[in-house]
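Undergrad: Contents of upload-v2.tsv (TSV, C-alpha atoms) are given next:
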```
chain	number	residue	atom	x	y	z
A	20	MET	CA	73.51	90.74	127.81
A	21	ASN	CA	74.86	87.90	129.89
A	22	VAL	CA	76.09	89.73	133.02
A	23	SER	CA	78.32	86.83	133.99
A	24	GLN	CA	80.04	86.49	130.60
A	25	ILE	CA	80.73	89.85	128.99
A	26	LYS	CA	83.19	89.77	126.13
A	27	ILE	CA	86.06	92.25	126.31
A	28	GLU	CA	88.77	92.72	123.69
A	29	ASN	CA	92.31	94.01	123.46
A	30	HIS	CA	92.92	95.60	120.04
A	31	ASN	CA	96.18	97.20	121.12
A	32	PRO	CA	99.64	96.29	119.78
A	33	TYR	CA	100.69	95.69	123.38
A	34	ALA	CA	99.57	93.40	126.19
A	35	VAL	CA	97.08	94.63	128.77
A	36	SER	CA	96.84	93.42	132.35
A	37	PHE	CA	94.28	94.36	134.97
A	38	LYS	CA	92.90	93.20	138.27
A	39	THR	CA	89.27	92.73	139.27
A	40	ASN	CA	87.66	91.84	142.57
A	41	LEU	CA	88.00	88.15	141.64
A	42	ARG	CA	91.29	87.69	139.82
A	43	GLU	CA	94.04	89.15	137.68
A	44	TYR	CA	93.88	89.09	133.88
A	45	PHE	CA	96.57	89.25	131.23
A	46	MET	CA	95.55	89.89	127.64
A	47	ASN	CA	98.16	89.47	124.93
A	48	ALA	CA	98.61	92.06	122.21
A	49	ALA	CA	96.40	91.88	119.15
A	50	SER	CA	97.82	89.87	116.27
A	51	VAL	CA	99.70	91.48	113.40
A	52	GLU	CA	96.54	91.05	111.33
A	53	GLY	CA	94.66	93.10	113.92
A	54	ILE	CA	92.74	90.21	115.47
A	55	PRO	CA	92.11	91.12	119.14
A	56	THR	CA	92.65	88.91	122.13
A	57	VAL	CA	89.49	88.12	124.07
A	58	GLU	CA	88.46	87.52	127.67
A	59	TYR	CA	85.09	87.03	129.36
A	60	VAL	CA	84.36	88.79	132.63
A	61	SER	CA	81.31	89.48	134.76
A	62	LEU	CA	79.58	92.82	135.12
A	63	GLU	CA	80.62	92.93	138.78
A	64	GLU	CA	84.25	92.59	137.74
A	65	LEU	CA	83.85	95.42	135.23
A	66	LYS	CA	82.34	97.61	137.95
A	67	PHE	CA	85.36	96.96	140.13
A	68	LEU	CA	87.77	97.59	137.25
A	69	ASN	CA	86.01	100.83	136.34
A	70	SER	CA	86.36	102.06	139.91
A	71	GLN	CA	90.10	101.41	139.82
A	72	SER	CA	91.18	102.53	136.35
A	73	LYS	CA	90.25	104.39	133.16
A	74	ASP	CA	90.76	101.37	130.91
A	75	ILE	CA	87.08	101.03	130.03
A	76	ARG	CA	86.22	104.74	129.95
A	77	THR	CA	89.09	105.58	127.59
A	78	GLY	CA	88.74	102.56	125.30
A	79	ASN	CA	92.01	100.87	126.25
A	80	ILE	CA	89.91	97.78	126.92
A	81	THR	CA	87.06	97.45	124.43
A	82	ILE	CA	83.65	96.11	125.35
A	83	ASN	CA	81.94	93.88	122.81
A	84	PRO	CA	79.94	96.35	120.62
A	85	GLU	CA	76.72	94.41	121.21
A	86	ASP	CA	77.02	94.94	124.98
A	87	LYS	CA	78.81	98.28	125.13
A	88	GLU	CA	75.75	100.51	125.54
A	89	GLU	CA	74.27	98.38	128.31
A	90	VAL	CA	77.61	98.03	130.09
A	91	PHE	CA	78.28	101.77	129.98
A	92	LYS	CA	74.81	102.42	131.36
A	93	ALA	CA	75.31	99.88	134.15
A	94	LEU	CA	78.68	101.44	135.00
A	95	ASN	CA	77.27	104.98	134.83
A	96	ILE	CA	79.82	105.91	132.18
A	97	VAL	CA	78.98	109.02	130.19
A	98	ASP	CA	81.26	109.58	127.23
A	99	ARG	CA	82.55	113.12	127.62
A	100	GLY	CA	84.92	112.86	124.71
A	101	GLU	CA	87.55	110.73	126.43
A	102	TYR	CA	86.57	107.38	124.88
A	103	PHE	CA	88.86	106.41	121.99
A	104	ASP	CA	88.81	102.85	120.77
A	105	ASN	CA	91.51	101.84	118.33
A	106	GLU	CA	89.28	101.98	115.27
A	107	THR	CA	88.33	105.57	116.07
A	108	ILE	CA	91.98	106.52	116.49
A	109	LYS	CA	92.99	104.81	113.26
A	110	ASP	CA	90.23	106.51	111.27
A	111	ALA	CA	91.17	109.93	112.65
A	112	ILE	CA	94.78	109.40	111.54
A	113	ILE	CA	94.28	107.98	108.04
A	114	ASN	CA	91.18	110.06	107.20
A	115	PRO	CA	92.05	113.33	108.92
A	116	THR	CA	89.52	116.10	109.40
A	117	ALA	CA	89.81	119.27	111.44
A	118	GLU	CA	87.25	117.96	113.94
A	119	GLY	CA	88.98	114.60	114.28
A	120	MET	CA	92.40	116.17	114.82
A	121	ARG	CA	90.99	118.56	117.41
A	122	LYS	CA	89.68	115.57	119.34
A	123	LEU	CA	93.07	113.85	119.26
A	124	VAL	CA	95.10	116.88	120.33
A	125	GLY	CA	92.43	117.65	122.92
A	126	ILE	CA	93.20	114.43	124.81
A	127	THR	CA	94.56	115.39	128.22
A	128	ASP	CA	95.14	111.90	129.61
A	129	LYS	CA	98.81	110.99	129.11
A	130	PHE	CA	98.28	107.26	128.69
A	131	THR	CA	95.42	107.71	126.21
A	132	PHE	CA	97.45	110.01	124.00
A	133	GLU	CA	100.40	107.63	124.17
A	134	ARG	CA	98.02	105.02	122.75
A	135	VAL	CA	97.22	107.43	119.91
A	136	TYR	CA	100.90	108.08	119.28
A	137	ALA	CA	101.76	104.37	119.39
A	138	GLN	CA	99.10	103.65	116.79
A	139	PHE	CA	100.32	106.54	114.64
A	140	ILE	CA	103.88	105.15	114.70
A	141	GLY	CA	102.58	101.67	113.90
A	142	LEU	CA	100.56	102.88	110.91
A	143	LYS	CA	103.46	105.00	109.71
A	144	ASN	CA	105.98	102.16	109.91
A	145	ASN	CA	103.56	99.68	108.39
A	146	GLY	CA	103.59	101.59	105.12
A	147	GLU	CA	100.09	100.46	104.20
A	148	TYR	CA	98.64	103.94	104.64
A	149	ASP	CA	99.86	107.31	103.43
A	150	ILE	CA	99.97	109.39	106.60
A	151	SER	CA	99.96	113.08	105.70
A	152	ASN	CA	102.78	115.33	106.86
A	153	ARG	CA	100.23	117.61	108.52
A	154	VAL	CA	98.94	114.75	110.68
A	155	ALA	CA	102.47	113.63	111.55
A	156	ASN	CA	103.49	117.16	112.48
A	157	VAL	CA	100.45	117.71	114.73
A	158	LEU	CA	100.76	114.37	116.54
A	159	GLU	CA	104.50	114.75	117.07
A	160	ARG	CA	104.02	118.26	118.48
A	161	ARG	CA	101.23	117.05	120.77
A	162	PHE	CA	103.34	114.11	121.93
A	163	ASP	CA	106.12	116.56	122.79
A	164	GLU	CA	103.64	118.67	124.76
A	165	ILE	CA	102.45	115.63	126.72
A	166	GLN	CA	106.03	114.64	127.53
A	167	HIS	CA	106.59	118.15	128.90
A	168	ARG	CA	103.38	117.87	130.96
A	169	ILE	CA	101.48	120.39	128.86
A	170	PHE	CA	98.11	118.68	129.11
A	171	ASN	CA	96.02	121.50	127.67
A	172	THR	CA	97.32	121.80	124.15
A	173	LYS	CA	98.47	125.05	122.59
A	174	ILE	CA	98.12	123.62	119.09
A	175	THR	CA	95.55	125.29	116.85
A	176	ILE	CA	93.99	123.20	114.10
A	177	ASN	CA	93.34	125.14	110.91
A	178	GLU	CA	89.99	124.23	109.37
A	179	HIS	CA	91.45	124.38	105.85
A	180	GLY	CA	94.41	122.20	106.74
A	181	PHE	CA	92.39	119.02	107.11
A	182	LYS	CA	89.80	118.61	104.39
A	183	PRO	CA	87.78	115.38	104.06
A	184	LYS	CA	88.97	113.20	101.17
A	185	GLU	CA	85.81	113.98	99.20
A	186	ASP	CA	86.58	117.70	99.39
A	187	ILE	CA	90.19	117.11	98.38
A	188	GLU	CA	89.14	115.11	95.31
A	189	GLU	CA	86.67	117.82	94.34
A	190	ILE	CA	89.37	120.48	94.68
A	191	LYS	CA	91.78	118.38	92.59
A	192	GLN	CA	89.18	117.98	89.84
A	193	LYS	CA	88.48	121.71	89.84
A	194	ASN	CA	92.20	122.46	89.67
A	195	GLU	CA	92.66	120.04	86.77
A	196	SER	CA	89.73	121.62	84.93
A	197	LEU	CA	91.11	125.10	85.60
A	198	GLU	CA	94.56	124.07	84.39
A	199	THR	CA	93.06	122.74	81.14
A	200	THR	CA	91.18	126.00	80.63
A	201	VAL	CA	94.34	128.04	81.26
A	202	GLN	CA	96.29	125.95	78.75
A	203	GLU	CA	93.58	126.45	76.12
A	204	LEU	CA	93.56	130.20	76.72
A	205	GLN	CA	97.35	130.32	76.50
A	206	ALA	CA	97.23	128.49	73.15
A	207	GLN	CA	94.59	130.90	71.83
A	208	LEU	CA	96.61	133.88	73.04
A	209	ALA	CA	99.75	132.57	71.34
A	210	GLU	CA	97.80	132.11	68.09
A	211	LEU	CA	96.37	135.62	68.34
A	212	LYS	CA	99.82	137.10	68.94
A	213	ALA	CA	101.17	135.29	65.89
A	214	MET	CA	98.35	136.71	63.76
A	215	MET	CA	98.99	140.22	65.07
A	216	VAL	CA	102.71	139.95	64.32
A	217	THR	CA	101.96	138.81	60.77
A	218	ALA	CA	99.47	141.62	60.20
A	219	SER	CA	101.80	144.29	61.56
A	220	THR	CA	104.87	143.19	59.56
A	221	PRO	CA	105.45	145.82	56.77
A	222	LYS	CA	105.65	144.53	53.23
A	223	LYS	CA	109.08	144.72	51.62
A	224	ARG	CA	109.34	147.61	49.15
A	225	LYS	CA	110.41	146.54	45.68
A	226	SER	CA	113.61	147.90	44.20
A	227	LYS	CA	113.72	149.92	40.95
A	228	ALA	CA	115.27	146.96	39.16
A	229	GLU	CA	112.38	144.70	40.25
A	230	LEU	CA	109.86	147.30	39.08
A	231	VAL	CA	111.61	147.58	35.66
A	232	VAL	CA	111.55	143.79	35.25
A	233	GLU	CA	107.84	143.67	36.14
A	234	THR	CA	107.12	146.46	33.62
A	235	GLU	CA	109.03	144.65	30.87
A	236	ASN	CA	107.22	141.39	31.62
A	237	THR	CA	103.88	143.14	31.47
A	238	THR	CA	104.78	144.76	28.12
A	239	GLU	CA	105.81	141.41	26.66
A	240	LEU	CA	102.54	139.83	27.73
A	241	ASP	CA	100.59	142.64	26.12
A	242	GLU	CA	102.49	142.19	22.84
A	243	VAL	CA	101.80	138.44	22.83
A	244	LYS	CA	98.09	139.09	23.30
A	245	GLU	CA	98.05	141.41	20.30
```
Just give me the structure of the file as C-alpha cells.
TA:
Amino acid sequence: MNVSQIKIENHNPYAVSFKTNLREYFMNAASVEGIPTVEYVSLEELKFLNSQSKDIRTGNITINPEDKEEVFKALNIVDRGEYFDNETIKDAIINPTAEGMRKLVGITDKFTFERVYAQFIGLKNNGEYDISNRVANVLERRFDEIQHRIFNTKITINEHGFKPKEDIEEIKQKNESLETTVQELQAQLAELKAMMVTASTPKKRKSKAELVVETENTTELDEVKE
C-alpha cells in the first residue's frame, strides 16, 4: 500500500465532499453506468477524516479493495456491522434474505439508512431489477421509522418471508410437480367415477311387445335351421 496515494471511490448517485487536514475534496456522483469517481489521498488524511466523520466506517466513501484491510487496520476500524458499501446494499435489496434484511433495518445511523433508501428508490425506478413487494414494504416502513427518530427498529423480519432465490426455485419446482400429480389424480378419479356410474346404471327392462318379437324371431330362426 502506498500510504501517500490511497485510492478512494464514490459509488453513490450523489456527490460527496469532505475535508482533511490538508485540503477539501469534492467527488462527483458515480456515472449512470455505475462507474465511480476517484480521488487519491494519503493515509494521514484518511486518519483525519476518520476522526471527523463516519464516511469511511459506514462505506459512504469506499477504500480501494486492495488497500481496504490495511487502511482499516491503520485507522483502528473494527467493522461492527455498520459498514455498508453500495454493492452490499444493492445485493441485499435485489437478492433479499432474512439475514440481509435484518442488517438493513438494523441500521441506526440516519445518514447510512438514507443511503440504503436512496439506492432502493434508484433500483426501483431504474426498472432493471424486480424489487419484491416485501422488500419495498420493509424499507419504506424503516424509512418512516428513521424520519420519526425511531432508531431502534420495531420491524420483525420473518424467516420464511425472505427465502434465497435457490430455495424459491426449489419450492416452485416442487409446487409444479405437486400440481401435475394432483391433475393426474383428478383425471384418474374422474375416470373411476365414470366407470362406477356406468356399472351402477340399471339395465332397461324390455316390454312385453319386445319380448314377443324376440320370441318370434327366435322361432323363425329355428324353422330355417330345420
Undergrad: In terms of the shortest atom-to-atom distance over all atoms listed in the file, which of A:Leu62, A:Ile108, A:Ala213, A:Ile75 is closest to Ser23 in chain A?
TA: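 Distance minimum relative to Ser23 in chain A lands on A:Leu62.
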Undergrad: Just checking: using only C-alpha atoms, which residue out of A:Ala137, A:Asn145, A:Gly78, A:Ile174 ends up closest to Gly125 in chain A?
TA: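 Once distances to Gly125 in chain A are computed over only C-alpha atoms, the minimum belongs to A:Ile174.
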Undergrad: Can you tell me how far CA of Leu123 in chain A sits from CA of His167 in chain A, in Å to one decimal?
TA: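 Rounded to one decimal, the two atoms are 17.2 Å apart.
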Undergrad: Hey, which of A:Lys38, A:Leu158, A:Lys26, A:Phe139 ends up closest to Glu85 in chain A? Count all atoms listed in the file.
TA: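 So, comparing all the options, the nearest one is A:Lys26.
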Undergrad: With all atoms listed in the file as the basis for distance, which of A:Met20, A:Leu41, A:Ile176, A:Ala111 is at the shortest distance from Glu89 in chain A?
TA: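 Among A:Met20, A:Leu41, A:Ile176, A:Ala111, it is A:Met20 that comes nearest to Glu89 in chain A.
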Undergrad: Report, in Å with one decimal, the straight-line distance from CA of Asn152 in chain A to CA of Gly53 in chain A.
TA: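 Answer for the CA of Asn152 in chain A to CA of Gly53 in chain A separation: 24.7 Å.
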Undergrad: So the first atom is CA of Lys87 in chain A and the second is CA of Val124 in chain A; what is the distance between them in Å, to one decimal place?
TA: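 Computing it gives 25.2 Å between the two atoms.
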Undergrad: With only C-alpha atoms as the atoms that count, which of A:Asn105, A:Ser151, A:Ser61, A:Gln202 lies nearest to Ile27 in chain A?
TA: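 Closest to Ile27 in chain A of all the choices is A:Ser61.
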Undergrad: So which residues fall inside 10 Å of (86.8, 108.6, 122.5) if we count only C-alpha atoms? Mind giving them as a PyMOL selection string?
TA: chain A and resi 76-78+98-105+107-108+122-123+126+131
Undergrad: Can I get the selection written as a CSV table (one decimal), in the frame of the given file, with C-alpha atoms?
TA:
```csv
chain,number,residue,atom,x,y,z
A,76,ARG,CA,86.2,104.7,130.0
A,77,THR,CA,89.1,105.6,127.6
A,78,GLY,CA,88.7,102.6,125.3
A,98,ASP,CA,81.3,109.6,127.2
A,99,ARG,CA,82.6,113.1,127.6
A,100,GLY,CA,84.9,112.9,124.7
A,101,GLU,CA,87.6,110.7,126.4
A,102,TYR,CA,86.6,107.4,124.9
A,103,PHE,CA,88.9,106.4,122.0
A,104,ASP,CA,88.8,102.8,120.8
A,105,ASN,CA,91.5,101.8,118.3
A,107,THR,CA,88.3,105.6,116.1
A,108,ILE,CA,92.0,106.5,116.5
A,122,LYS,CA,89.7,115.6,119.3
A,123,LEU,CA,93.1,113.8,119.3
A,126,ILE,CA,93.2,114.4,124.8
A,131,THR,CA,95.4,107.7,126.2
```
Undergrad: Go ahead and fit an axis-aligned box to every listed atom of range 196-207 of chain A plus 8 Å each side, and pass me the centre and edge lengths in Å, one decimal, as JSON.
TA:
```
{"center_x": 93.5, "center_y": 126.3, "center_z": 78.7, "size_x": 23.6, "size_y": 25.3, "size_z": 29.8}
```
Undergrad: Name the closest residue to Phe67 in chain A among the candidates A:Asn114, A:Gln138, A:Asn40, A:Thr81; distances are taken between atoms, counting all atoms listed in the file.
TA: A:Asn40
Undergrad: Quick one: residues within 7 Å of range 54-56 of chain A, only C-alpha atoms, excluding same-chain residues fewer than 5 positions away - as a PyMOL selection string?
TA: chain A and resi 28-30+46-49
